[in-house]
file work37.cif (mmCIF, C-alpha atoms)
data_entry
#
loop_
_atom_site.label_atom_id
_atom_site.label_comp_id
_atom_site.auth_asym_id
_atom_site.auth_seq_id
_atom_site.Cartn_x
_atom_site.Cartn_y
_atom_site.Cartn_z
CA MET K 1 172.41 -99.09 216.39
CA ASP K 2 171.33 -102.73 216.09
CA ASP K 3 169.30 -104.11 219.00
CA LYS K 4 167.43 -107.38 218.79
CA VAL K 5 163.74 -107.16 219.65
CA ALA K 6 161.06 -109.79 220.17
CA ILE K 7 157.45 -108.97 219.38
CA LEU K 8 154.98 -111.27 221.11
CA GLY K 9 151.86 -111.24 218.96
CA SER K 10 151.56 -111.56 215.17
CA GLY K 11 148.44 -109.43 214.79
CA ALA K 12 148.12 -106.02 213.15
CA MET K 13 149.77 -104.00 215.92
CA GLY K 14 152.57 -106.47 216.58
CA THR K 15 153.41 -106.63 212.87
CA ALA K 16 153.25 -102.85 212.43
CA LEU K 17 155.51 -102.34 215.44
CA ALA K 18 157.96 -104.89 214.03
CA GLN K 19 157.99 -103.01 210.72
CA LEU K 20 158.75 -99.73 212.50
CA LEU K 21 161.58 -101.23 214.53
CA ALA K 22 163.10 -103.07 211.56
CA SER K 23 163.02 -99.94 209.41
CA ASN K 24 165.05 -98.31 212.18
CA GLY K 25 167.71 -101.00 211.67
CA HIS K 26 166.81 -103.42 214.45
CA ARG K 27 166.48 -107.18 214.02
CA VAL K 28 163.01 -108.31 215.03
CA THR K 29 161.49 -111.73 215.67
CA ILE K 30 157.71 -112.01 215.80
CA TRP K 31 156.36 -114.79 217.99
CA GLY K 32 152.80 -116.02 217.72
CA ILE K 33 150.57 -119.08 217.75
CA GLU K 34 149.23 -118.92 214.18
CA GLY K 35 151.61 -121.02 212.13
CA GLU K 36 150.25 -119.92 208.76
CA VAL K 37 150.67 -116.25 209.64
CA LEU K 38 154.21 -116.76 210.90
CA GLU K 39 155.15 -118.74 207.79
CA GLY K 40 153.91 -115.88 205.61
CA ILE K 41 156.00 -113.41 207.59
CA ALA K 42 159.16 -115.52 207.50
CA ARG K 43 158.90 -116.80 203.92
CA TRP K 44 157.05 -114.12 201.98
CA HIS K 45 157.63 -111.04 204.18
CA ARG K 46 153.91 -110.39 204.33
CA ASN K 47 151.05 -110.65 206.81
CA PRO K 48 147.96 -110.31 204.59
CA ARG K 49 145.59 -111.42 207.34
CA TYR K 50 146.42 -108.59 209.71
CA LEU K 51 148.46 -106.01 207.77
CA PRO K 52 147.52 -106.34 204.10
CA GLY K 53 149.37 -104.43 201.41
CA VAL K 54 152.62 -104.04 203.38
CA VAL K 55 155.87 -105.71 202.33
CA LEU K 56 157.69 -106.47 205.55
CA HIS K 57 161.31 -105.48 206.16
CA ARG K 58 164.03 -108.06 205.58
CA LEU K 59 165.14 -107.73 209.23
CA ILE K 60 161.84 -109.25 210.43
CA GLY K 61 161.74 -112.95 211.21
CA ALA K 62 159.13 -115.16 212.87
CA SER K 63 159.08 -118.13 215.22
CA LEU K 64 156.58 -120.43 216.92
CA SER K 65 159.10 -120.92 219.73
CA LEU K 66 158.90 -118.32 222.48
CA GLU K 67 162.26 -119.42 223.86
CA GLU K 68 163.88 -118.90 220.46
CA ALA K 69 162.17 -115.54 219.89
CA VAL K 70 163.42 -113.93 223.11
CA GLN K 71 166.96 -115.28 222.99
CA GLY K 72 169.51 -112.47 223.16
CA VAL K 73 167.02 -109.61 222.82
CA GLY K 74 167.21 -106.24 224.55
CA LEU K 75 163.47 -105.61 224.37
CA VAL K 76 160.37 -107.77 224.46
CA ALA K 77 157.17 -106.06 223.26
CA VAL K 78 154.00 -107.77 224.43
CA ALA K 79 151.45 -107.10 221.69
CA VAL K 80 148.81 -109.75 222.37
CA PRO K 81 145.18 -108.92 223.35
CA SER K 82 144.79 -107.80 226.96
CA SER K 83 142.91 -111.00 227.86
CA ALA K 84 146.03 -113.02 226.96
CA VAL K 85 148.72 -110.83 228.57
CA ARG K 86 148.89 -112.72 231.88
CA GLU K 87 149.26 -116.13 230.25
CA VAL K 88 151.92 -114.82 227.88
CA GLY K 89 153.68 -113.18 230.85
CA LYS K 90 153.77 -116.51 232.68
CA ARG K 91 155.36 -118.19 229.67
CA LEU K 92 157.77 -115.32 229.10
CA ALA K 93 159.04 -115.62 232.69
CA LEU K 94 160.43 -119.05 231.85
CA TYR K 95 162.80 -117.74 229.17
CA MET K 96 163.44 -114.02 229.58
CA LYS K 97 166.85 -113.05 230.89
CA ALA K 98 167.35 -110.53 233.67
CA GLY K 99 167.87 -106.99 232.42
CA THR K 100 165.62 -107.35 229.38
CA ALA K 101 163.21 -104.43 228.95
CA VAL K 102 159.51 -105.18 228.47
CA LEU K 103 157.12 -102.98 226.51
CA SER K 104 153.38 -103.38 227.09
CA VAL K 105 151.45 -102.64 223.91
CA ALA K 106 147.90 -103.85 224.65
CA LYS K 107 145.46 -101.05 225.51
CA GLY K 108 143.14 -102.81 227.92
CA LEU K 109 142.30 -103.89 231.45
CA GLU K 110 142.45 -107.44 232.77
CA PRO K 111 138.86 -108.76 232.86
CA GLY K 112 138.85 -110.31 236.33
CA THR K 113 141.09 -107.92 238.24
CA SER K 114 140.73 -104.54 236.44
CA LEU K 115 144.53 -104.30 236.49
CA ARG K 116 146.38 -102.32 233.85
CA MET K 117 148.63 -104.33 231.55
CA SER K 118 151.89 -103.12 233.10
CA GLN K 119 150.56 -104.23 236.49
CA VAL K 120 149.75 -107.68 235.14
CA LEU K 121 153.22 -108.02 233.64
CA ALA K 122 154.85 -106.78 236.85
CA GLN K 123 153.13 -109.59 238.75
CA GLU K 124 154.31 -112.23 236.29
CA LEU K 125 157.80 -110.75 235.71
CA PRO K 126 159.00 -109.57 239.12
CA GLY K 127 161.90 -107.15 238.89
CA ALA K 128 161.51 -106.56 235.15
CA SER K 129 161.90 -103.06 233.70
CA ILE K 130 158.48 -102.42 232.17
CA ALA K 131 157.23 -99.61 229.95
CA ALA K 132 153.85 -98.96 228.33
CA LEU K 133 153.20 -97.72 224.80
CA ALA K 134 150.38 -95.33 223.87
CA GLY K 135 149.50 -92.54 221.47
CA PRO K 136 148.01 -92.47 217.96
CA ALA K 137 149.28 -95.74 216.50
CA LEU K 138 146.76 -97.12 214.00
CA SER K 139 148.43 -100.25 212.69
CA HIS K 140 147.72 -99.63 209.00
CA GLU K 141 149.48 -96.26 209.29
CA LEU K 142 152.28 -97.27 211.67
CA GLY K 143 153.14 -100.20 209.40
CA ARG K 144 153.59 -97.72 206.55
CA ARG K 145 155.61 -95.39 208.76
CA ARG K 146 153.28 -92.45 208.50
CA PRO K 147 154.13 -89.64 210.94
CA THR K 148 152.91 -89.88 214.52
CA VAL K 149 153.86 -89.10 218.11
CA LEU K 150 154.03 -92.11 220.41
CA VAL K 151 154.21 -92.07 224.20
CA VAL K 152 156.40 -94.43 226.23
CA ALA K 153 155.73 -94.43 229.97
CA SER K 154 157.77 -96.10 232.67
CA SER K 155 158.70 -95.63 236.30
CA SER K 156 162.29 -96.10 235.09
CA ILE K 157 163.49 -93.17 232.99
CA ASP K 158 166.35 -95.31 231.67
CA THR K 159 163.90 -97.94 230.39
CA ALA K 160 161.68 -95.32 228.78
CA GLN K 161 164.63 -93.66 227.08
CA TYR K 162 165.92 -97.03 225.82
CA VAL K 163 162.57 -97.87 224.26
CA ARG K 164 162.40 -94.37 222.79
CA SER K 165 165.80 -94.85 221.17
CA LEU K 166 164.51 -97.97 219.38
CA LEU K 167 161.23 -96.50 218.15
CA ALA K 168 162.02 -92.90 217.21
CA GLY K 169 163.15 -91.72 213.81
CA ARG K 170 162.03 -90.74 210.29
CA GLY K 171 158.73 -89.08 211.12
CA VAL K 172 157.96 -91.05 214.28
CA SER K 173 158.54 -89.03 217.45
CA VAL K 174 158.41 -90.51 220.93
CA VAL K 175 157.51 -88.68 224.14
CA VAL K 176 158.72 -90.11 227.43
CA SER K 177 156.49 -89.99 230.52
CA ASP K 178 156.59 -91.22 234.10
CA ASP K 179 152.77 -91.15 234.35
CA VAL K 180 152.32 -94.88 233.72
CA CYS K 181 148.86 -94.93 235.28
CA GLY K 182 147.62 -91.97 233.26
CA VAL K 183 149.10 -93.17 229.97
CA GLU K 184 147.65 -96.66 230.24
CA LEU K 185 144.23 -95.48 231.40
CA ALA K 186 144.07 -92.87 228.63
CA ALA K 187 144.73 -95.64 226.10
CA VAL K 188 141.98 -97.79 227.60
CA LEU K 189 139.48 -94.95 227.71
CA LYS K 190 140.05 -93.82 224.13
CA ASN K 191 139.02 -97.34 223.05
CA VAL K 192 135.85 -97.17 225.12
CA TYR K 193 134.85 -93.69 224.00
CA SER K 194 135.58 -94.49 220.36
CA ILE K 195 132.58 -96.82 220.62
CA LEU K 196 130.46 -93.79 221.49
CA LEU K 197 131.74 -91.86 218.47
CA GLY K 198 130.91 -94.82 216.28
CA MET K 199 127.41 -94.96 217.75
CA CYS K 200 126.97 -91.30 216.82
CA GLU K 201 127.77 -92.14 213.21
CA GLY K 202 125.58 -95.22 213.28
CA VAL K 203 122.46 -93.40 214.39
CA GLY K 204 123.13 -90.51 212.02
CA LEU K 205 123.38 -87.64 214.50
CA GLY K 206 125.90 -85.85 212.28
CA ALA K 207 129.33 -84.25 212.54
CA ASN K 208 128.26 -81.47 214.92
CA ALA K 209 126.94 -83.96 217.45
CA LYS K 210 130.06 -86.08 217.07
CA GLY K 211 132.22 -83.08 217.85
CA CYS K 212 130.18 -82.33 220.97
CA LEU K 213 130.33 -85.96 222.10
CA ALA K 214 134.11 -85.99 221.59
CA VAL K 215 134.41 -83.01 223.96
CA MET K 216 132.23 -84.75 226.55
CA ALA K 217 134.30 -87.90 226.20
CA LEU K 218 137.56 -86.02 226.72
CA GLN K 219 136.23 -84.25 229.82
CA GLU K 220 135.12 -87.55 231.28
CA MET K 221 138.44 -89.21 230.41
CA VAL K 222 140.24 -86.51 232.40
CA GLN K 223 137.86 -86.98 235.34
CA ILE K 224 138.38 -90.74 235.44
CA VAL K 225 142.16 -90.67 234.97
CA VAL K 226 142.69 -88.06 237.69
CA ALA K 227 140.38 -89.94 240.07
CA LEU K 228 142.38 -93.13 239.50
CA GLY K 229 145.79 -91.53 240.03
CA GLY K 230 146.88 -90.20 236.63
CA ARG K 231 147.51 -86.66 235.44
CA ALA K 232 145.11 -84.47 233.45
CA GLU K 233 147.79 -83.29 231.02
CA THR K 234 148.44 -86.90 230.01
CA VAL K 235 144.86 -87.20 228.79
CA THR K 236 144.96 -83.98 226.80
CA GLY K 237 148.16 -85.06 225.04
CA PRO K 238 148.92 -87.73 222.43
CA ALA K 239 148.15 -90.66 224.77
CA GLY K 240 144.57 -89.49 225.28
CA LEU K 241 143.15 -86.84 222.98
CA GLY K 242 145.53 -87.67 220.14
CA ASP K 243 144.63 -91.35 220.19
CA LEU K 244 140.92 -90.64 220.65
CA LEU K 245 140.85 -88.46 217.54
CA ALA K 246 142.84 -90.99 215.51
CA SER K 247 140.65 -93.92 216.58
CA GLY K 248 137.38 -92.03 216.59
CA TYR K 249 137.77 -90.64 213.08
CA SER K 250 139.51 -93.53 211.33
CA ARG K 251 137.57 -95.73 208.93
CA LYS K 252 139.36 -98.84 210.19
CA GLY K 253 139.09 -98.67 213.99
CA ARG K 254 137.47 -101.73 215.57
CA ASN K 255 135.95 -99.79 218.46
CA LEU K 256 134.46 -97.27 216.06
CA ALA K 257 133.13 -100.08 213.85
CA LEU K 258 131.46 -101.72 216.84
CA GLY K 259 129.85 -98.41 217.75
CA ARG K 260 128.48 -97.97 214.24
CA LEU K 261 126.89 -101.41 214.38
CA LEU K 262 125.38 -100.63 217.79
CA GLY K 263 123.97 -97.37 216.46
CA ARG K 264 122.48 -99.04 213.40
CA LYS K 265 121.19 -101.95 215.50
CA GLY K 266 123.25 -104.22 213.27
CA PRO K 267 124.84 -107.62 214.07
CA TRP K 268 127.33 -106.25 216.57
CA GLN K 269 127.48 -109.52 218.54
CA ASP K 270 128.66 -111.29 215.39
CA TYR K 271 131.34 -108.63 214.96
CA LEU K 272 132.58 -109.24 218.52
CA ALA K 273 132.75 -112.97 217.84
CA ALA K 274 135.07 -112.34 214.88
CA ALA K 275 137.30 -109.54 216.19
CA THR K 276 139.05 -108.46 219.38
CA VAL K 277 137.52 -105.14 220.46
CA GLU K 278 139.47 -103.88 223.47
CA GLY K 279 137.02 -101.08 224.26
CA PHE K 280 134.17 -103.54 224.70
CA GLN K 281 136.28 -105.90 226.81
CA ALA K 282 137.31 -103.00 229.06
CA LEU K 283 133.75 -101.96 229.93
CA LYS K 284 133.16 -104.21 232.95
CA PRO K 285 136.59 -103.80 234.57
CA LEU K 286 136.38 -100.05 233.96
CA GLN K 287 132.99 -99.90 235.63
CA ARG K 288 134.46 -101.57 238.70
CA LEU K 289 137.27 -99.01 238.85
CA VAL K 290 135.02 -95.96 238.56
CA LYS K 291 132.58 -97.36 241.11
CA ALA K 292 135.42 -97.91 243.59
CA ALA K 293 136.54 -94.32 242.95
CA GLY K 294 133.04 -93.05 243.76
CA ILE K 295 132.29 -91.46 240.40
CA ASP K 296 129.33 -91.98 238.05
CA PRO K 297 130.40 -90.86 234.55
CA PRO K 298 127.32 -90.31 232.35
CA VAL K 299 129.05 -90.81 229.00
CA LEU K 300 130.45 -94.17 230.07
CA GLN K 301 127.04 -95.20 231.42
CA THR K 302 125.43 -94.31 228.08
CA ILE K 303 127.78 -96.73 226.30
CA VAL K 304 127.03 -99.43 228.87
CA GLN K 305 123.28 -98.90 228.51
CA ALA K 306 123.50 -99.24 224.73
CA VAL K 307 125.57 -102.42 224.95
CA GLU K 308 123.19 -103.93 227.50
CA GLY K 309 120.14 -103.03 225.40
CA ARG K 310 118.72 -100.65 227.99
CA GLY K 311 117.41 -98.04 225.58
CA ASP K 312 117.43 -96.96 221.96
CA PRO K 313 120.97 -95.81 221.00
CA LYS K 314 119.80 -92.60 219.32
CA ALA K 315 117.55 -91.67 222.23
CA LEU K 316 120.31 -92.45 224.73
CA MET K 317 122.83 -90.18 223.02
CA THR K 318 120.36 -87.39 222.40
CA ASP K 319 119.45 -87.48 226.09
CA LEU K 320 123.15 -87.52 227.01
CA MET K 321 123.80 -84.35 225.01
CA VAL K 322 120.83 -82.58 226.59
CA ARG K 323 121.88 -83.57 230.12
CA CYS K 324 125.52 -82.60 229.62
CA ALA K 325 124.59 -79.26 228.05
CA ALA K 326 122.36 -78.48 231.05
CA ALA K 327 125.02 -79.42 233.62
CA PRO K 328 126.74 -76.53 235.42
#
call {"tool": "encode", "arguments": {"input": "work37.cif", "output": "structure tokens"}}
result
Amino acid sequence: MDDKVAILGSGAMGTALAQLLASNGHRVTIWGIEGEVLEGIARWHRNPRYLPGVVLHRLIGASLSLEEAVQGVGLVAVAVPSSAVREVGKRLALYMKAGTAVLSVAKGLEPGTSLRMSQVLAQELPGASIAALAGPALSHELGRRRPTVLVVASSSIDTAQYVRSLLAGRGVSVVVSDDVCGVELAAVLKNVYSILLGMCEGVGLGANAKGCLAVMALQEMVQIVVALGGRAETVTGPAGLGDLLASGYSRKGRNLALGRLLGRKGPWQDYLAAATVEGFQALKPLQRLVKAAGIDPPVLQTIVQAVEGRGDPKALMTDLMVRCAAAP
């Protein structure tokens, strides 16, 4: 089966996804705005800036032209940071043909509206068949095709199954879901709560405390997702718990790295200036959503307090564990 795919975004996740698709036999064009990165992909079959050490498949090409990249494709995967999804959606609407499936890859919320990424794309691409991707998908592992279980969610079962047919194979399994809200929110929340797990490491509370905090995070993720319209079982599956464990225990996760810097009282603002950290960017829109739902999640508030400098990180987390242990 040979389907053409366009990946919008030449970062780590976009490149890793392209590698997965190409190794399944599909022709892939990566679109981006960084000419040097795209030249390296097209000419040398490498992306050392975002996916070092991986030789890219011969079926992967690259283009600075969005119109060229999406010509004749069956699927467009939007793998840019969440803050850029709306603008990319506007540009995509100019060139994308009717009937093309769209896969949302970014795990974030729109800063001003608190909308999920599939909702943003639906506004900019009326009538498009949209799916969302989630699950444990660390780019440095996905790009090397290490085994994982991905989740594709869509209100259209045909769209979800089509995307599944492109992604699945050789150690990569894909679960299809109709819980778009739950899948996307679980992906957002695992980024946010990975910051907490990094803070635990940074302040030196130890593995036992980290395990306890992971349980608290999962319980709160379920509470938030259900309150906002998703299903509990989505959070306890690969889209939530699976991704939280992968991100929260990886040495390379950006959200975890930010948390470590916060815990150590290191230069975390400098880190944010140099890297896109979706969990941090999701904090304010997420706060608006939980406030509107009438819930006051203590674990989330602990992260917010640490980021805003309203307390010592170690004291905040120690207090959190005491309060949660005492709760009925």
call {"tool": "residues_near_point", "arguments": {"input": "work37.cif", "point": "(148.8, -119.2, 214.5)", "cutoff": "12 Å", "atoms": "only C-alpha atoms", "output": "ChimeraX atom specification"}}
result
/K:9-11,30-41,47,49-50,62-65
call {"tool": "resolve_selection", "arguments": {"input": "work37.cif", "expression": "the PyMOL selection byres ((chain K and resi 76) around 8)", "output": "PyMOL selection string"}}
result
chain K and resi 5-8+70+73-75+77-78+100-103
call {"tool": "residues_around", "arguments": {"input": "work37.cif", "residues": "K:Arg231", "least_positions_apart": "4", "cutoff": "12 Å", "atoms": "all atoms listed in the file", "output": "list in words"}}
result
Ser177, Asp178, Asp179, Val180, Cys181, Gly182, Val183, Glu184, Leu185, Ala186, Met221, Val222, Gln223, Ile224, Val225, Val226, Ala227, Val235, Thr236, Gly237, Ala239 and Gly240 of chain K
call {"tool": "resolve_selection", "arguments": {"input": "work37.cif", "expression": "the PyMOL selection byres ((chain K and resi 150-153) around 9)", "output": "ChimeraX atom specification"}}
result
/K:103,130-137,148-149,154-157,159-161,163-164,167-168,172-181,183-184,238-239
call {"tool": "atom_distance", "arguments": {"input": "work37.cif", "atom1": "atom CA of K:Ala22", "atom2": "atom CA of K:Lys107"}}
result
22.6 Å
call {"tool": "residues_around", "arguments": {"input": "work37.cif", "residues": "stretch 141-144 of chain K", "least_positions_apart": "3", "cutoff": "6 Å", "atoms": "all atoms listed in the file", "output": "ChimeraX atom specification"}}
result
/K:16,19,137-138
call {"tool": "atom_distance", "arguments": {"input": "work37.cif", "atom1": "atom CA of K:His26", "atom2": "atom CA of K:His140"}}
result
20.2 Å
call {"tool": "atom_distance", "arguments": {"input": "work37.cif", "atom1": "atom CA of K:Leu166", "atom2": "atom CA of K:Ala106"}}
result
18.4 Å
call {"tool": "closest_residue", "arguments": {"input": "work37.cif", "among": "K:Ser139, K:Thr276, K:Ser104, K:Ser194", "to": "K:Ala122", "atoms": "only C-alpha atoms"}}
result
K:Ser104
call {"tool": "closest_residue", "arguments": {"input": "work37.cif", "among": "K:Ala93, K:Ala292, K:Ala187, K:Leu286", "to": "K:Gly242", "atoms": "all atoms listed in the file"}}
result
K:Ala187
call {"tool": "residues_around", "arguments": {"input": "work37.cif", "residues": "K:His45", "least_positions_apart": "6", "cutoff": "8 Å", "atoms": "all atoms listed in the file", "output": "list in words"}}
result
Val55, Leu56, His57, Arg58 and Ile60 of chain K
call {"tool": "write_last_selection", "arguments": {"input": "work37.cif", "atoms": "C-alpha atoms", "output": "short mmCIF file (atom, residue, chain, number, x, y, z; two decimals), in the frame of the given file"}}
result
data_model
loop_
_atom_site.label_atom_id
_atom_site.label_comp_id
_atom_site.auth_asym_id
_atom_site.auth_seq_id
_atom_site.Cartn_x
_atom_site.Cartn_y
_atom_site.Cartn_z
CA VAL K 55 155.87 -105.71 202.33
CA LEU K 56 157.69 -106.47 205.55
CA HIS K 57 161.31 -105.48 206.16
CA ARG K 58 164.03 -108.06 205.58
CA ILE K 60 161.84 -109.25 210.43
#
call {"tool": "residues_around", "arguments": {"input": "work37.cif", "residues": "stretch 317-320 of chain K", "least_positions_apart": "4", "cutoff": "10 Å", "atoms": "only C-alpha atoms", "output": "PyMOL selection string"}}
result
chain K and resi 196+199-200+203+205+209+213+216+263+298-299+301-303+306+311-313+324-326
call {"tool": "resolve_selection", "arguments": {"input": "work37.cif", "expression": "the PyMOL selection byres ((chain K and resi 288) around 12)", "output": "PyMOL selection string"}}
result
chain K and resi 109-115+224+228+282-287+289-296
call {"tool": "residues_around", "arguments": {"input": "work37.cif", "residues": "K:Gly89", "least_positions_apart": "4", "cutoff": "6 Å", "atoms": "only C-alpha atoms", "output": "mmCIF file with C-alpha atoms, keeping the file's coordinate frame"}}
result
data_model
loop_
_atom_site.group_PDB
_atom_site.id
_atom_site.type_symbol
_atom_site.label_atom_id
_atom_site.label_comp_id
_atom_site.auth_asym_id
_atom_site.auth_seq_id
_atom_site.Cartn_x
_atom_site.Cartn_y
_atom_site.Cartn_z
ATOM 1 C CA VAL K 85 148.720 -110.830 228.570
ATOM 2 C CA LEU K 121 153.220 -108.020 233.640
ATOM 3 C CA GLU K 124 154.310 -112.230 236.290
#
call {"tool": "closest_residue", "arguments": {"input": "work37.cif", "among": "K:Leu20, K:Met13, K:Leu316, K:Val28", "to": "K:Val80", "atoms": "all atoms listed in the file"}}
result
K:Met13
call {"tool": "closest_residue", "arguments": {"input": "work37.cif", "among": "K:Leu258, K:Val54, K:Leu17, K:Val215", "to": "K:Val307", "atoms": "all atoms listed in the file"}}
result
K:Leu258
call {"tool": "decode", "arguments": {"input": "work37.cif", "residues": "stretch 84-95 of chain K", "atoms": "N, CA, C and O atoms", "output": "compact mmCIF listing (two decimals), in the first residue's frame"}}
result
# COMPACT_ATOMS: atom_id res chain seq x y z
N ALA K 84 1.09 27.25 16.96
CA ALA K 84 1.15 27.55 15.53
C ALA K 84 0.09 26.82 14.73
O ALA K 84 -0.02 27.02 13.52
N VAL K 85 -0.71 25.97 15.36
CA VAL K 85 -1.65 25.12 14.63
C VAL K 85 -2.70 25.94 13.87
O VAL K 85 -3.01 25.65 12.70
N ARG K 86 -3.23 26.99 14.47
CA ARG K 86 -4.27 27.76 13.79
C ARG K 86 -3.72 28.44 12.52
O ARG K 86 -4.34 28.41 11.46
N GLU K 87 -2.55 29.05 12.64
CA GLU K 87 -1.97 29.71 11.48
C GLU K 87 -1.67 28.72 10.36
O GLU K 87 -1.92 28.98 9.18
N VAL K 88 -1.13 27.56 10.73
CA VAL K 88 -0.86 26.53 9.73
C VAL K 88 -2.16 26.02 9.12
O VAL K 88 -2.25 25.77 7.91
N GLY K 89 -3.21 25.89 9.94
CA GLY K 89 -4.52 25.48 9.43
C GLY K 89 -5.07 26.46 8.42
O GLY K 89 -5.65 26.05 7.40
N LYS K 90 -4.91 27.74 8.68
CA LYS K 90 -5.37 28.77 7.74
C LYS K 90 -4.66 28.62 6.39
O LYS K 90 -5.28 28.69 5.32
N ARG K 91 -3.36 28.39 6.44
CA ARG K 91 -2.59 28.25 5.20
C ARG K 91 -2.93 26.95 4.49
O ARG K 91 -3.03 26.91 3.26
N LEU K 92 -3.14 25.90 5.27
CA LEU K 92 -3.48 24.60 4.69
C LEU K 92 -4.80 24.67 3.95
O LEU K 92 -4.97 24.02 2.90
N ALA K 93 -5.75 25.45 4.44
CA ALA K 93 -7.07 25.56 3.82
C ALA K 93 -7.00 26.07 2.39
O ALA K 93 -7.89 25.81 1.57
N LEU K 94 -5.94 26.77 2.06
CA LEU K 94 -5.78 27.34 0.72
C LEU K 94 -5.44 26.27 -0.31
O LEU K 94 -5.70 26.44 -1.51
N TYR K 95 -4.85 25.16 0.13
CA TYR K 95 -4.30 24.18 -0.81
C TYR K 95 -4.85 22.77 -0.66
O TYR K 95 -4.76 21.97 -1.59
